[in-house]
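> Handing you this structure, nothing more for now.
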Protein chains: 2
Amino acid sequence: MTDPGPHAMTPEPMRGDAIVALLRAHGITPTYQRVQIAQFLFERDQHLSADQVLESVNARHAGVSKATVYNTLGLFADKGLIREVIADPARVFYDSNTHPHHHIFDMDRGTLQDIPATDVTVGTLPTLPEGMVVEGVDVIIRVRRPR
Amino acid sequence: MTDPGPHAMTPEPMRGDAIVALLRAHGITPTYQRVQIAQFLFERDQHLSADQVLESVNARHAGVSKATVYNTLGLFADKGLIREVIADPARVFYDSNTHPHHHIFDMDRGTLQDIPATDVTVGTLPTLPEGMVVEGVDVIIRVRRPR
DNA sequence: TTGGGTGCAAACTATTTGCATTCGA
DNA sequence: TCGAATGCAAATAGTTTGCACCCAA
């Protein structure tokens, strides 16, 4: 847990070589497609579906296929660069902020919002099944406009 | 919150007319397909995907289509008979236990396990966006066998 | 030259939709 | 009789897979 992640960096958009270094530091070969996607993801903290990433990345200068966006987001998540958020049954969101925090899910708009981890307290955890290890604790508050 | 739900009933499988009454009490017309599905769901507390429900219901005496299973589970969830659990990115689970509780998700097996609500404490909630109301708070502990 | 890594077209599958049919008033 | 509700075949859309290509050793 000594990895500072992308968020230890400056608030300005990261330069191309900073992105390349970040990918390398996570054991990811920095290809053209991956740099494009990472560049976009780390412009700021955001919650994006694969489709939104595809659209935005290709709006710039294109050349990245749908499958590659999916595979790359999965790879980034595996390597701990971004965080998968399972909140909307229709699609997976990827959160470019990997610091510990939780989420509010707007069921009407289908959008996510961060909650500081300190605003939620998770107390006692139950005994886990044998040989199992906690990968993460997700707290999702589902909100909507009253019907 | 005065609705006792199906769990106020006996531990034995509910009889057909008890299921019919339960559906009616929730404003659901008790058709053949819906009764078949409800009968199966409320045999015991369980976490099932739509596909598992389809298979099990049709293994008995059949006659329920895939689309109807999906639509019926959605209807039951809307009416508060069962609870949707969003934990596995690949499929939605339906929990026949609607009492407040949380879940452990086994990432290797893709299965859910209940946690008593009392084993997890959610402290301060943040201020919600204007005009929004909390539909539910989901806590999911993701576990897996260490790699 | 060769073997693992990469990108993507095509395939796959969970879920939704549109509509013919049925049901209750 | 008639409008609303129901069930399902077919369509949709998010995601995964299989394979041609590329590159470092």
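By convention here, the chains of the structure tokens are called A, B, ... in the order presented, each chain's residues are numbered starting at 1, and ligands are numbered starting at 1 in the order presented.
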Apply DSSP to the backbone of this structure and, from segment 20-134 of chain A, keep only the residues in strand (DSSP E or B); write these as a list in words.

His47, Leu48, Ser49, Arg83, Glu84, Val85, Ile86, Ala87, Asp88, Arg91, Val92, Phe93, Tyr94, Asp95, His101, His102, His103, Ile104, Phe105, Asp106, Thr111, Leu112, Gln113, Asp114, Ile115, Pro116, Val133 and Val134 of chain A

> Can you list, as a list in words, every protein, DNA or RNA residue that comes within 10 Å of segment 131-135 of chain A when you count only C-alpha atoms (C1' of nucleotides), leaving out same-chain residues fewer than 2 positions away?

Thr127, Leu128, Pro129, Val137 and Asp138 of chain A; Ile104, Phe105, Asp106, Met107, Asp108, Ile141, Arg142, Val143, Arg144, Arg145, Pro146 and Arg147 of chain B

> Restrict the selected residues to C-alpha atoms and save them as a PDB file, in the first residue's frame.


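The resulting file, part08.pdb, is shown below:
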```
ATOM      1  CA  THR A 127     -15.892 -13.899  10.277  1.00  0.00           C
ATOM      2  CA  LEU A 128     -14.972 -14.727   6.707  1.00  0.00           C
ATOM      3  CA  PRO A 129     -15.198 -18.128   5.058  1.00  0.00           C
ATOM      4  CA  VAL A 137     -15.829  -3.245   0.962  1.00  0.00           C
ATOM      5  CA  ASP A 138     -18.298  -1.356  -1.170  1.00  0.00           C
TER       6      ASP A 138
ATOM      7  CA  ILE B 104     -20.532 -11.103   1.209  1.00  0.00           C
ATOM      8  CA  PHE B 105     -19.776 -11.726  -2.439  1.00  0.00           C
ATOM      9  CA  ASP B 106     -17.456 -14.616  -3.270  1.00  0.00           C
ATOM     10  CA  MET B 107     -15.660 -13.385  -6.382  1.00  0.00           C
ATOM     11  CA  ASP B 108     -14.321 -16.834  -7.230  1.00  0.00           C
ATOM     12  CA  ILE B 141     -17.867  -7.259   1.078  1.00  0.00           C
ATOM     13  CA  ARG B 142     -15.930  -8.739  -1.802  1.00  0.00           C
ATOM     14  CA  VAL B 143     -13.836 -11.747  -0.872  1.00  0.00           C
ATOM     15  CA  ARG B 144     -11.695 -14.182  -2.786  1.00  0.00           C
ATOM     16  CA  ARG B 145      -8.977 -16.756  -2.396  1.00  0.00           C
ATOM     17  CA  PRO B 146      -5.604 -14.973  -2.383  1.00  0.00           C
ATOM     18  CA  ARG B 147      -3.767 -15.278  -5.712  1.00  0.00           C
TER      19      ARG B 147
END
```

> Report as a short mmCIF file (atom, residue, chain, number, x, y, z; two decimals) with N, CA, C and O atoms, in the first residue's frame the set of chain B residues whose atoms approach chain C to within 8 Å, with distances computed over only C-alpha atoms (C1' of nucleotides).


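What follows is the written file selection_4.cif:
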```
data_model
loop_
_atom_site.label_atom_id
_atom_site.label_comp_id
_atom_site.auth_asym_id
_atom_site.auth_seq_id
_atom_site.Cartn_x
_atom_site.Cartn_y
_atom_site.Cartn_z
N TYR B 70 -37.65 -12.80 -16.29
CA TYR B 70 -37.00 -11.50 -16.08
C TYR B 70 -38.03 -10.45 -15.66
O TYR B 70 -37.83 -9.72 -14.69
N ALA B 90 -21.76 -9.52 -13.83
CA ALA B 90 -22.28 -10.34 -14.92
C ALA B 90 -23.78 -10.59 -14.83
O ALA B 90 -24.40 -10.92 -15.83
N ARG B 91 -24.35 -10.48 -13.66
CA ARG B 91 -25.78 -10.77 -13.53
C ARG B 91 -26.34 -10.16 -12.26
O ARG B 91 -25.62 -9.91 -11.30
#
```

> When you get a sec, could you note down which chain D residues fall within 10 Å of chain A, using only C-alpha atoms (C1' of nucleotides), as a compact mmCIF listing (two decimals) with N, CA and C atoms (P, O5', C5', C4', C3', O3' and C1' of nucleotides), in the first residue's frame?


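Below is the file that was written, out.txt:
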```txt
# COMPACT_ATOMS: atom_id res chain seq x y z
P DA D 13 -29.68 -0.73 -28.32
O5' DA D 13 -28.68 -1.32 -27.23
C5' DA D 13 -29.14 -1.51 -25.90
C4' DA D 13 -28.03 -2.10 -25.08
C3' DA D 13 -26.66 -1.48 -25.32
O3' DA D 13 -25.94 -1.53 -24.12
C1' DA D 13 -26.54 -3.74 -25.82
P DG D 14 -24.85 -0.44 -23.72
O5' DG D 14 -24.00 -1.22 -22.63
C5' DG D 14 -24.68 -1.90 -21.57
C4' DG D 14 -23.91 -3.14 -21.21
C3' DG D 14 -22.41 -2.93 -21.04
O3' DG D 14 -22.01 -3.62 -19.87
C1' DG D 14 -22.80 -4.63 -22.65
P DT D 15 -20.54 -3.46 -19.28
O5' DT D 15 -19.87 -4.76 -19.91
C5' DT D 15 -20.45 -6.02 -19.58
C4' DT D 15 -19.79 -7.12 -20.36
C3' DT D 15 -18.26 -7.17 -20.26
O3' DT D 15 -17.94 -8.35 -19.53
C1' DT D 15 -19.04 -7.61 -22.48
P DT D 16 -16.44 -8.85 -19.34
O5' DT D 16 -16.31 -9.92 -20.52
C5' DT D 16 -17.33 -10.89 -20.65
C4' DT D 16 -16.94 -11.91 -21.70
C3' DT D 16 -15.52 -12.44 -21.59
O3' DT D 16 -15.63 -13.86 -21.74
C1' DT D 16 -15.88 -11.54 -23.77
```

> With only C-alpha atoms as the basis for distance, which of A:Ala59, A:Val85, A:Val53, A:Ala38 is at the shortest distance from chain B?

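With only C-alpha atoms as the atom set, the closest residue is A:Val85.
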
> Atom CA of Val139 of chain A to atom CA of Pro100 of chain A: how many Å, to one decimal?

10.8 Å
